[in-house]
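K.L.:
File structure-v4.pdb below, PDB, C-alpha atoms and all ligand atoms:
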```pdb
ATOM      1  CA  MET A   1      -0.297   1.257 -27.490  1.00  0.00           C
ATOM      2  CA  THR A   2       1.612  -1.994 -27.749  1.00  0.00           C
ATOM      3  CA  PRO A   3       0.029  -4.833 -29.763  1.00  0.00           C
ATOM      4  CA  ALA A   4      -0.924  -6.620 -26.486  1.00  0.00           C
ATOM      5  CA  GLU A   5      -2.548  -3.457 -25.126  1.00  0.00           C
ATOM      6  CA  GLN A   6      -4.482  -2.918 -28.340  1.00  0.00           C
ATOM      7  CA  HIS A   7      -5.602  -6.534 -28.332  1.00  0.00           C
ATOM      8  CA  THR A   8      -6.750  -6.189 -24.705  1.00  0.00           C
ATOM      9  CA  TRP A   9      -8.556  -2.906 -25.409  1.00  0.00           C
ATOM     10  CA  ASP A  10     -10.529  -4.538 -28.236  1.00  0.00           C
ATOM     11  CA  LEU A  11     -11.472  -7.458 -26.036  1.00  0.00           C
ATOM     12  CA  VAL A  12     -12.509  -5.377 -23.008  1.00  0.00           C
ATOM     13  CA  ALA A  13     -14.449  -2.991 -25.242  1.00  0.00           C
ATOM     14  CA  GLU A  14     -16.371  -5.946 -26.683  1.00  0.00           C
ATOM     15  CA  VAL A  15     -17.285  -7.271 -23.217  1.00  0.00           C
ATOM     16  CA  LEU A  16     -18.296  -3.812 -21.946  1.00  0.00           C
ATOM     17  CA  ARG A  17     -20.496  -3.187 -24.978  1.00  0.00           C
ATOM     18  CA  GLU A  18     -22.249  -6.523 -24.381  1.00  0.00           C
ATOM     19  CA  ARG A  19     -23.292  -5.088 -21.003  1.00  0.00           C
ATOM     20  CA  GLY A  20     -24.420  -1.768 -22.468  1.00  0.00           C
ATOM     21  CA  LEU A  21     -21.367   0.099 -21.136  1.00  0.00           C
ATOM     22  CA  ASP A  22     -19.365   2.601 -23.125  1.00  0.00           C
ATOM     23  CA  PRO A  23     -15.690   1.544 -23.326  1.00  0.00           C
ATOM     24  CA  ALA A  24     -14.571   5.095 -24.111  1.00  0.00           C
ATOM     25  CA  THR A  25     -15.661   6.274 -20.656  1.00  0.00           C
ATOM     26  CA  GLU A  26     -15.230   3.054 -18.691  1.00  0.00           C
ATOM     27  CA  ILE A  27     -11.643   2.196 -19.597  1.00  0.00           C
ATOM     28  CA  THR A  28      -9.233   4.503 -17.787  1.00  0.00           C
ATOM     29  CA  SER A  29      -6.040   2.813 -18.877  1.00  0.00           C
ATOM     30  CA  ILE A  30      -4.506  -0.368 -20.201  1.00  0.00           C
ATOM     31  CA  THR A  31      -0.832  -0.983 -19.528  1.00  0.00           C
ATOM     32  CA  GLU A  32       1.371  -3.891 -20.343  1.00  0.00           C
ATOM     33  CA  GLN A  33       3.568  -5.119 -17.492  1.00  0.00           C
ATOM     34  CA  LEU A  34       6.072  -7.890 -17.064  1.00  0.00           C
ATOM     35  CA  THR A  35       5.502  -9.886 -13.863  1.00  0.00           C
ATOM     36  CA  HIS A  36       8.196 -11.409 -11.682  1.00  0.00           C
ATOM     37  CA  GLY A  37       7.207 -14.796 -13.069  1.00  0.00           C
ATOM     38  CA  GLY A  38       8.051 -13.602 -16.589  1.00  0.00           C
ATOM     39  CA  HIS A  39       4.419 -13.384 -17.800  1.00  0.00           C
ATOM     40  CA  THR A  40       3.202 -10.367 -19.664  1.00  0.00           C
ATOM     41  CA  LEU A  41       0.120  -8.884 -18.023  1.00  0.00           C
ATOM     42  CA  CYS A  42      -2.241  -6.284 -19.311  1.00  0.00           C
ATOM     43  CA  CYS A  43      -3.650  -4.248 -16.408  1.00  0.00           C
ATOM     44  CA  VAL A  44      -6.999  -2.704 -17.195  1.00  0.00           C
ATOM     45  CA  ARG A  45      -8.468   0.055 -15.020  1.00  0.00           C
ATOM     46  CA  LEU A  46     -12.151   0.836 -15.103  1.00  0.00           C
ATOM     47  CA  ARG A  47     -13.206   4.319 -14.074  1.00  0.00           C
ATOM     48  CA  PHE A  48     -16.696   3.718 -12.772  1.00  0.00           C
ATOM     49  CA  TRP A  49     -15.524   1.058 -10.388  1.00  0.00           C
ATOM     50  CA  ASN A  50     -13.129   3.418  -8.679  1.00  0.00           C
ATOM     51  CA  ASN A  51     -10.360   2.445 -11.041  1.00  0.00           C
ATOM     52  CA  HIS A  52     -10.744  -1.207 -10.189  1.00  0.00           C
ATOM     53  CA  ARG A  53      -7.974  -3.172 -11.829  1.00  0.00           C
ATOM     54  CA  ILE A  54      -8.412  -6.361 -13.826  1.00  0.00           C
ATOM     55  CA  ASP A  55      -5.307  -8.201 -14.958  1.00  0.00           C
ATOM     56  CA  VAL A  56      -5.146 -10.410 -17.999  1.00  0.00           C
ATOM     57  CA  VAL A  57      -2.268 -12.659 -18.939  1.00  0.00           C
ATOM     58  CA  ALA A  58      -1.338 -11.629 -22.462  1.00  0.00           C
ATOM     59  CA  SER A  59      -0.293 -15.144 -23.462  1.00  0.00           C
ATOM     60  CA  ASP A  60      -3.636 -16.724 -22.475  1.00  0.00           C
ATOM     61  CA  PRO A  61      -5.909 -17.747 -25.337  1.00  0.00           C
ATOM     62  CA  ARG A  62      -8.423 -15.106 -26.353  1.00  0.00           C
ATOM     63  CA  ASP A  63     -11.390 -17.149 -25.121  1.00  0.00           C
ATOM     64  CA  LYS A  64      -9.871 -17.461 -21.685  1.00  0.00           C
ATOM     65  CA  GLN A  65      -9.128 -13.707 -21.538  1.00  0.00           C
ATOM     66  CA  ARG A  66     -12.687 -12.921 -22.574  1.00  0.00           C
ATOM     67  CA  LYS A  67     -14.017 -15.206 -19.833  1.00  0.00           C
ATOM     68  CA  VAL A  68     -11.857 -13.461 -17.198  1.00  0.00           C
ATOM     69  CA  PHE A  69     -13.365 -10.112 -18.164  1.00  0.00           C
ATOM     70  CA  ARG A  70     -16.913 -11.379 -18.459  1.00  0.00           C
ATOM     71  CA  ASP A  71     -16.759 -12.960 -14.991  1.00  0.00           C
ATOM     72  CA  GLN A  72     -15.179  -9.942 -13.316  1.00  0.00           C
ATOM     73  CA  ILE A  73     -17.475  -7.426 -14.967  1.00  0.00           C
ATOM     74  CA  ALA A  74     -20.531  -9.516 -14.087  1.00  0.00           C
ATOM     75  CA  ARG A  75     -19.358  -9.582 -10.454  1.00  0.00           C
ATOM     76  CA  LEU A  76     -18.810  -5.820 -10.412  1.00  0.00           C
ATOM     77  CA  LEU A  77     -22.222  -5.134 -11.937  1.00  0.00           C
ATOM     78  CA  GLU A  78     -23.893  -7.231  -9.243  1.00  0.00           C
ATOM     79  CA  ASP A  79     -22.028  -5.528  -6.409  1.00  0.00           C
ATOM     80  CA  PRO A  80     -24.215  -2.627  -5.250  1.00  0.00           C
ATOM     81  CA  VAL A  81     -21.359  -0.736  -3.635  1.00  0.00           C
ATOM     82  CA  ALA A  82     -18.681  -1.244  -6.253  1.00  0.00           C
ATOM     83  CA  ARG A  83     -19.773   1.839  -8.179  1.00  0.00           C
ATOM     84  CA  ILE A  84     -20.157   4.179  -5.211  1.00  0.00           C
ATOM     85  CA  VAL A  85     -17.879   7.182  -5.557  1.00  0.00           C
ATOM     86  CA  LEU A  86     -17.742   9.057  -2.272  1.00  0.00           C
ATOM     87  CA  ARG A  87     -18.022  12.858  -2.261  1.00  0.00           C
ATOM     88  CA  GLY A  88     -14.884  14.296  -0.674  1.00  0.00           C
ATOM     89  CA  ILE A  89     -15.012  17.363   1.627  1.00  0.00           C
ATOM     90  CA  GLY A  90     -12.491  18.977   3.968  1.00  0.00           C
ATOM     91  CA  PHE A  91      -9.418  17.914   2.002  1.00  0.00           C
ATOM     92  CA  TRP A  92      -6.847  20.681   1.868  1.00  0.00           C
ATOM     93  CA  LYS A  93      -4.087  21.765  -0.405  1.00  0.00           C
ATOM     94  CA  VAL A  94      -0.718  20.125   0.237  1.00  0.00           C
ATOM     95  CA  ASP A  95       1.345  22.007  -2.335  1.00  0.00           C
ATOM     96  CA  ASP A  96       0.937  24.639  -5.037  1.00  0.00           C
ATOM     97  CA  ARG A  97       0.023  22.108  -7.708  1.00  0.00           C
ATOM     98  CA  SER A  98      -2.990  21.011  -5.708  1.00  0.00           C
ATOM     99  CA  GLN A  99      -6.423  22.236  -6.736  1.00  0.00           C
ATOM    100  CA  LEU A 100      -7.737  21.649  -3.245  1.00  0.00           C
ATOM    101  CA  PRO A 101      -8.604  24.713  -1.164  1.00  0.00           C
ATOM    102  CA  ASP A 102      -6.659  26.361   1.621  1.00  0.00           C
ATOM    103  CA  PRO A 103      -8.903  26.763   4.671  1.00  0.00           C
ATOM    104  CA  THR A 104      -7.068  29.875   5.841  1.00  0.00           C
ATOM    105  CA  THR A 105      -8.418  31.796   2.836  1.00  0.00           C
ATOM    106  CA  PHE A 106     -12.035  30.674   3.321  1.00  0.00           C
ATOM    107  CA  PRO A 107     -14.615  33.073   4.654  1.00  0.00           C
ATOM    108  CA  ARG A 108     -15.633  31.944   8.131  1.00  0.00           C
ATOM    109  CA  ARG A 109     -19.129  30.733   8.784  1.00  0.00           C
ATOM    110  CA  ASP A 110     -21.124  32.295  11.568  1.00  0.00           C
ATOM    111  CA  TRP A 111     -22.174  28.874  12.833  1.00  0.00           C
ATOM    112  CA  ASN A 112     -25.360  28.655  14.794  1.00  0.00           C
ATOM    113  CA  ALA A 113     -24.451  26.870  18.061  1.00  0.00           C
ATOM    114  CA  ASP A 114     -26.911  23.991  17.618  1.00  0.00           C
ATOM    115  CA  GLU A 115     -25.967  23.481  14.018  1.00  0.00           C
ATOM    116  CA  ARG A 116     -22.272  23.473  14.869  1.00  0.00           C
ATOM    117  CA  ALA A 117     -22.836  20.931  17.645  1.00  0.00           C
ATOM    118  CA  GLY A 118     -24.824  18.813  15.196  1.00  0.00           C
ATOM    119  CA  ILE A 119     -22.173  18.907  12.493  1.00  0.00           C
ATOM    120  CA  LEU A 120     -19.434  18.036  14.982  1.00  0.00           C
ATOM    121  CA  ARG A 121     -21.466  15.099  16.248  1.00  0.00           C
ATOM    122  CA  TYR A 122     -22.096  13.952  12.692  1.00  0.00           C
ATOM    123  CA  LEU A 123     -18.461  14.207  11.625  1.00  0.00           C
ATOM    124  CA  ARG A 124     -17.292  12.399  14.757  1.00  0.00           C
ATOM    125  CA  SER A 125     -19.784   9.560  14.360  1.00  0.00           C
ATOM    126  CA  GLY A 126     -18.492   8.548  10.914  1.00  0.00           C
ATOM    127  CA  HIS A 127     -16.838   5.253  10.018  1.00  0.00           C
ATOM    128  CA  MET A 128     -13.054   5.144   9.886  1.00  0.00           C
ATOM    129  CA  LEU A 129     -11.565   4.093   6.583  1.00  0.00           C
ATOM    130  CA  GLY A 130      -7.916   3.584   5.745  1.00  0.00           C
ATOM    131  CA  SER A 131      -5.234   5.036   7.931  1.00  0.00           C
ATOM    132  CA  TYR A 132      -2.238   6.809   6.449  1.00  0.00           C
ATOM    133  CA  LEU A 133       1.342   6.658   7.554  1.00  0.00           C
ATOM    134  CA  GLY A 134       1.546  10.225   8.774  1.00  0.00           C
ATOM    135  CA  TYR A 135      -0.625  12.577  10.831  1.00  0.00           C
ATOM    136  CA  SER A 136      -2.321  15.567   9.335  1.00  0.00           C
ATOM    137  CA  TRP A 137      -1.649  19.068  10.684  1.00  0.00           C
ATOM    138  CA  CYS A 138      -3.764  22.148  11.291  1.00  0.00           C
ATOM    139  CA  ARG A 139      -3.385  24.524   8.347  1.00  0.00           C
ATOM    140  CA  PHE A 140      -3.958  27.467  10.705  1.00  0.00           C
ATOM    141  CA  ARG A 141      -0.877  26.397  12.700  1.00  0.00           C
ATOM    142  CA  CYS A 142      -2.841  27.005  15.889  1.00  0.00           C
ATOM    143  CA  GLY A 143      -0.612  24.717  17.917  1.00  0.00           C
ATOM    144  CA  ILE A 144      -2.872  21.647  18.168  1.00  0.00           C
ATOM    145  CA  PRO A 145      -0.636  18.541  18.246  1.00  0.00           C
ATOM    146  CA  SER A 146      -0.702  16.694  14.910  1.00  0.00           C
ATOM    147  CA  GLU A 147      -1.699  13.417  16.611  1.00  0.00           C
ATOM    148  CA  LYS A 148      -4.998  15.109  17.488  1.00  0.00           C
ATOM    149  CA  MET A 149      -5.620  15.861  13.803  1.00  0.00           C
ATOM    150  CA  GLY A 150      -5.733  12.137  13.047  1.00  0.00           C
ATOM    151  CA  SER A 151      -4.426  10.088  10.183  1.00  0.00           C
ATOM    152  CA  SER A 152      -7.584   8.444   8.796  1.00  0.00           C
ATOM    153  CA  ASP A 153     -10.373   9.224   6.425  1.00  0.00           C
ATOM    154  CA  VAL A 154     -13.933   8.977   7.691  1.00  0.00           C
ATOM    155  CA  THR A 155     -17.138   8.252   5.781  1.00  0.00           C
ATOM    156  CA  ASP A 156     -20.917   8.045   6.092  1.00  0.00           C
ATOM    157  CA  ASN A 157     -21.070   5.911   2.908  1.00  0.00           C
ATOM    158  CA  VAL A 158     -21.951   8.993   0.842  1.00  0.00           C
ATOM    159  CA  TRP A 159     -19.363  11.606   1.818  1.00  0.00           C
ATOM    160  CA  ILE A 160     -15.776  11.231   2.936  1.00  0.00           C
ATOM    161  CA  TRP A 161     -13.678  13.616   5.044  1.00  0.00           C
ATOM    162  CA  PRO A 162     -10.386  13.611   6.923  1.00  0.00           C
ATOM    163  CA  GLU A 163     -10.503  12.711  10.590  1.00  0.00           C
ATOM    164  CA  GLY A 164      -9.199  16.186  11.511  1.00  0.00           C
ATOM    165  CA  LEU A 165     -12.074  18.098   9.859  1.00  0.00           C
ATOM    166  CA  PRO A 166     -14.129  18.704  13.065  1.00  0.00           C
ATOM    167  CA  HIS A 167     -11.246  20.754  14.486  1.00  0.00           C
ATOM    168  CA  TYR A 168     -11.585  23.299  11.661  1.00  0.00           C
ATOM    169  CA  ILE A 169     -15.255  23.775  12.370  1.00  0.00           C
ATOM    170  CA  GLU A 170     -14.892  23.803  16.134  1.00  0.00           C
ATOM    171  CA  GLN A 171     -11.854  26.078  16.403  1.00  0.00           C
ATOM    172  CA  HIS A 172     -11.644  28.011  13.140  1.00  0.00           C
ATOM    173  CA  ASP A 173     -15.292  28.409  12.014  1.00  0.00           C
ATOM    174  CA  VAL A 174     -14.526  26.880   8.621  1.00  0.00           C
ATOM    175  CA  ASP A 175     -17.577  26.579   6.378  1.00  0.00           C
ATOM    176  CA  LEU A 176     -18.906  23.402   4.687  1.00  0.00           C
ATOM    177  CA  PRO A 177     -21.151  22.880   1.650  1.00  0.00           C
ATOM    178  CA  GLU A 178     -24.842  23.272   2.381  1.00  0.00           C
ATOM    179  CA  ALA A 179     -25.544  19.945   0.618  1.00  0.00           C
ATOM    180  CA  PHE A 180     -23.464  18.161   3.238  1.00  0.00           C
ATOM    181  CA  ILE A 181     -24.970  20.082   6.169  1.00  0.00           C
ATOM    182  CA  GLU A 182     -28.452  19.293   4.891  1.00  0.00           C
ATOM    183  CA  HIS A 183     -27.560  15.611   4.531  1.00  0.00           C
ATOM    184  CA  ALA A 184     -26.309  15.523   8.145  1.00  0.00           C
ATOM    185  CA  ARG A 185     -29.423  17.356   9.369  1.00  0.00           C
ATOM    186  CA  GLN A 186     -31.710  14.861   7.630  1.00  0.00           C
ATOM    187  CA  ASN A 187     -29.892  12.075   9.449  1.00  0.00           C
ATOM    188  CA  ASP A 188     -30.476  13.786  12.832  1.00  0.00           C
ATOM    189  CA  TRP A 189     -26.774  14.650  13.066  1.00  0.00           C
ATOM    190  CA  GLN A 190     -25.774  11.028  13.474  1.00  0.00           C
ATOM    191  CA  VAL A 191     -24.035   8.774  10.931  1.00  0.00           C
ATOM    192  CA  LYS A 192     -25.980   5.548  10.435  1.00  0.00           C
ATOM    193  CA  PRO A 193     -24.219   2.397  11.649  1.00  0.00           C
ATOM    194  CA  GLY A 194     -22.671   0.032   9.129  1.00  0.00           C
ATOM    195  CA  LEU A 195     -19.791   0.679   6.809  1.00  0.00           C
ATOM    196  CA  VAL A 196     -20.663  -0.484   3.308  1.00  0.00           C
ATOM    197  CA  VAL A 197     -17.886   1.069   1.255  1.00  0.00           C
ATOM    198  CA  SER A 198     -14.189   0.508   1.563  1.00  0.00           C
ATOM    199  CA  TYR A 199     -11.026   1.071  -0.354  1.00  0.00           C
ATOM    200  CA  ARG A 200     -10.959  -2.591  -1.334  1.00  0.00           C
ATOM    201  CA  GLY A 201      -7.244  -2.339  -1.754  1.00  0.00           C
ATOM    202  CA  PHE A 202      -7.261  -0.276  -4.933  1.00  0.00           C
ATOM    203  CA  GLY A 203      -7.478   3.314  -6.087  1.00  0.00           C
ATOM    204  CA  PRO A 204      -9.245   6.190  -4.420  1.00  0.00           C
ATOM    205  CA  ALA A 205     -12.929   5.546  -3.895  1.00  0.00           C
ATOM    206  CA  PHE A 206     -13.744   9.228  -3.804  1.00  0.00           C
ATOM    207  CA  GLU A 207     -13.402  12.387  -5.727  1.00  0.00           C
ATOM    208  CA  CYS A 208     -13.244  16.045  -4.757  1.00  0.00           C
ATOM    209  CA  SER A 209     -14.401  17.944  -7.856  1.00  0.00           C
ATOM    210  CA  GLU A 210     -17.609  19.070  -6.138  1.00  0.00           C
ATOM    211  CA  TRP A 211     -15.637  20.268  -3.108  1.00  0.00           C
ATOM    212  CA  ILE A 212     -13.096  22.108  -5.286  1.00  0.00           C
ATOM    213  CA  GLU A 213     -15.898  23.773  -7.263  1.00  0.00           C
ATOM    214  CA  TRP A 214     -17.740  24.815  -4.100  1.00  0.00           C
ATOM    215  CA  SER A 215     -14.578  26.149  -2.463  1.00  0.00           C
ATOM    216  CA  LYS A 216     -13.723  28.262  -5.526  1.00  0.00           C
ATOM    217  CA  HIS A 217     -16.932  30.178  -4.999  1.00  0.00           C
ATOM    218  CA  ARG A 218     -16.343  30.484  -1.261  1.00  0.00           C
ATOM    219  CA  GLY A 219     -12.628  31.304  -1.281  1.00  0.00           C
TER     220      GLY A 219
HETATM  221 ZN    ZN B   1      -6.171  24.626  14.393  1.00  0.00          ZN
END
```
Show the structure stored in the file as structure tokens.

P.N.:
Amino acid sequence: MTPAEQHTWDLVAEVLRERGLDPATEITSITEQLTHGGHTLCCVRLRFWNNHRIDVVASDPRDKQRKVFRDQIARLLEDPVARIVLRGIGFWKVDDRSQLPDPTTFPRRDWNADERAGILRYLRSGHMLGSYLGYSWCRFRCGIPSEKMGSSDVTDNVWIWPEGLPHYIEQHDVDLPEAFIEHARQNDWQVKPGLVVSYRGFGPAFECSEWIEWSKHRG
């Protein structure tokens, strides 16, 4: 750590502790950066707010830096959706380093027709989140045009999945975690209106560890 980073860590840790938060788990990283204007910034990322970034100008007086953190942390604590971490499903391996599953090695699910129709309706009624530059593709290489696989992520404010996920269930009988199916069933197979979460222009607001764990036992 540089002296400015250490100084910032101490200050952020102090403010987090005031709010009963543990700096060791909350602070993901602190990095010193030089801006175009020639100021030195310390960029702090906080894990439980989806890696939300707070910047502090290293040359500002300590009291001013402390105030910046206090204000931003107070705002984050009051925001009911800031801490939501969406549960990712249906994200597939892109290369060999990826821990994500490969749907072609999954056991197929013998979907009950009503349940399948329900899940498809649920997945297709979700709220669109960010759109990526490129289209996805079917991992089974079944010939569906990539534009039909979509380029967005979709959410119900609890779970998040790629826009192309329904295709895998409809055409390739791919299985999904029971916890998700049960959640969709309890909502009468229809995502409730109103998008409350968003990417807010920083970091991923979801994580896939549950999905990876589940798929290890299925694959
Ligand atoms: Zn396909």

K.L.:
Within 6 Å of ligand ZN 1 (chain B) (counting all atoms listed in the file), which residues show up? I'd like them as a list of chain:residue names.

P.N.:
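I would give the residues around ligand ZN 1 (chain B) as A:Cys138, A:Phe140, A:Arg141, A:Cys142, A:Ile144.
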
K.L.:
Write out as a PDB file with C-alpha atoms, keeping the file's coordinate frame the residues lying within 9 Å of A:Pro107, counting only C-alpha atoms and excluding same-chain residues fewer than 4 positions away.

P.N.:
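Saved file selection.pdb follows:
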```pdb
ATOM      1  CA  PRO A 103      -8.903  26.763   4.671  1.00  0.00           C
ATOM      2  CA  ASP A 173     -15.292  28.409  12.014  1.00  0.00           C
ATOM      3  CA  VAL A 174     -14.526  26.880   8.621  1.00  0.00           C
ATOM      4  CA  ASP A 175     -17.577  26.579   6.378  1.00  0.00           C
ATOM      5  CA  ARG A 218     -16.343  30.484  -1.261  1.00  0.00           C
ATOM      6  CA  GLY A 219     -12.628  31.304  -1.281  1.00  0.00           C
TER       7      GLY A 219
END
```

K.L.:
Report as a list in words the full result of the PyMOL selection byres (((chain A and resi 41-48) around 7) and not hetatm) when it is applied to this structure.

P.N.:
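So the PyMOL selection byres (((chain A and resi 41-48) around 7) and not hetatm) ends up selecting Glu5, Glu26, Ile27, Thr28, Ser29, Ile30, Thr31, Glu32, Gln33, Leu34, Thr35, His39, Thr40, Trp49, Asn50, Asn51, His52, Arg53, Ile54, Asp55, Val56, Val57, Ala58 and Arg83 of chain A.
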
K.L.:
What is the distance between atom CA of A:Pro101 and atom CA of A:Ser215, in Å to one decimal?

P.N.:
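Computing it gives 6.3 Å between the two atoms.
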
K.L.:
Counting all atoms listed in the file, which of A:Met149, A:Val81, A:Val15, A:Val158 gets nearest to A:Gly134?

P.N.:
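Among A:Met149, A:Val81, A:Val15, A:Val158, it is A:Met149 that comes nearest to A:Gly134.
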
K.L.:
Excluding A:Leu86 and any residue of its chain fewer than 4 positions from it, enumerate the residues within 8 Å of it, using all atoms listed in the file, and give them as a list in words.

P.N.:
Asn157, Val158, Trp159, Ile160, Ala205, Phe206 and Glu207 of chain A

K.L.:
Keeping C-alpha atoms, export the residues of the selection given above as an mmCIF file, keeping the file's coordinate frame.

P.N.:
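Generated file (part32.cif):
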```
data_model
loop_
_atom_site.group_PDB
_atom_site.id
_atom_site.type_symbol
_atom_site.label_atom_id
_atom_site.label_comp_id
_atom_site.auth_asym_id
_atom_site.auth_seq_id
_atom_site.Cartn_x
_atom_site.Cartn_y
_atom_site.Cartn_z
ATOM 1 C CA ASN A 157 -21.070 5.911 2.908
ATOM 2 C CA VAL A 158 -21.951 8.993 0.842
ATOM 3 C CA TRP A 159 -19.363 11.606 1.818
ATOM 4 C CA ILE A 160 -15.776 11.231 2.936
ATOM 5 C CA ALA A 205 -12.929 5.546 -3.895
ATOM 6 C CA PHE A 206 -13.744 9.228 -3.804
ATOM 7 C CA GLU A 207 -13.402 12.387 -5.727
#
```

K.L.:
Which residues are near A:His183? Cut-off 12 Å, all atoms listed in the file, ignore same chain within fewer than 3 positions. Put them as an NGL selection string.

P.N.:
:A and (118-119 or 122-123 or 156-159 or 176-180 or 186-192)

K.L.:
Under the PyMOL selection byres (((chain A and resi 169) around 10) and not hetatm), which residues of this model are included? Write them out as a list in words.

P.N.:
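This file, filtered by the PyMOL selection byres (((chain A and resi 169) around 10) and not hetatm), leaves Arg108, Arg109, Trp111, Arg116, Ala117, Ile119, Leu120, Gly164, Leu165, Pro166, His167, Tyr168, Glu170, Gln171, His172, Asp173, Val174, Asp175 and Leu176 of chain A.
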
K.L.:
To one decimal in Å, tell me the separation between atom CA of A:Ser209 and atom CA of A:Thr105.

P.N.:
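Between these atoms lies a distance of 18.5 Å.
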
K.L.:
Can you report as JSON the centre and edge lengths in Å, to one decimal, of an axis-aligned box around the listed atoms of stretch 171-178 of chain A padded with 8 Å on each side?

P.N.:
```
{"center_x": -18.2, "center_y": 25.6, "center_z": 9.0, "size_x": 29.2, "size_y": 21.5, "size_z": 30.8}
```
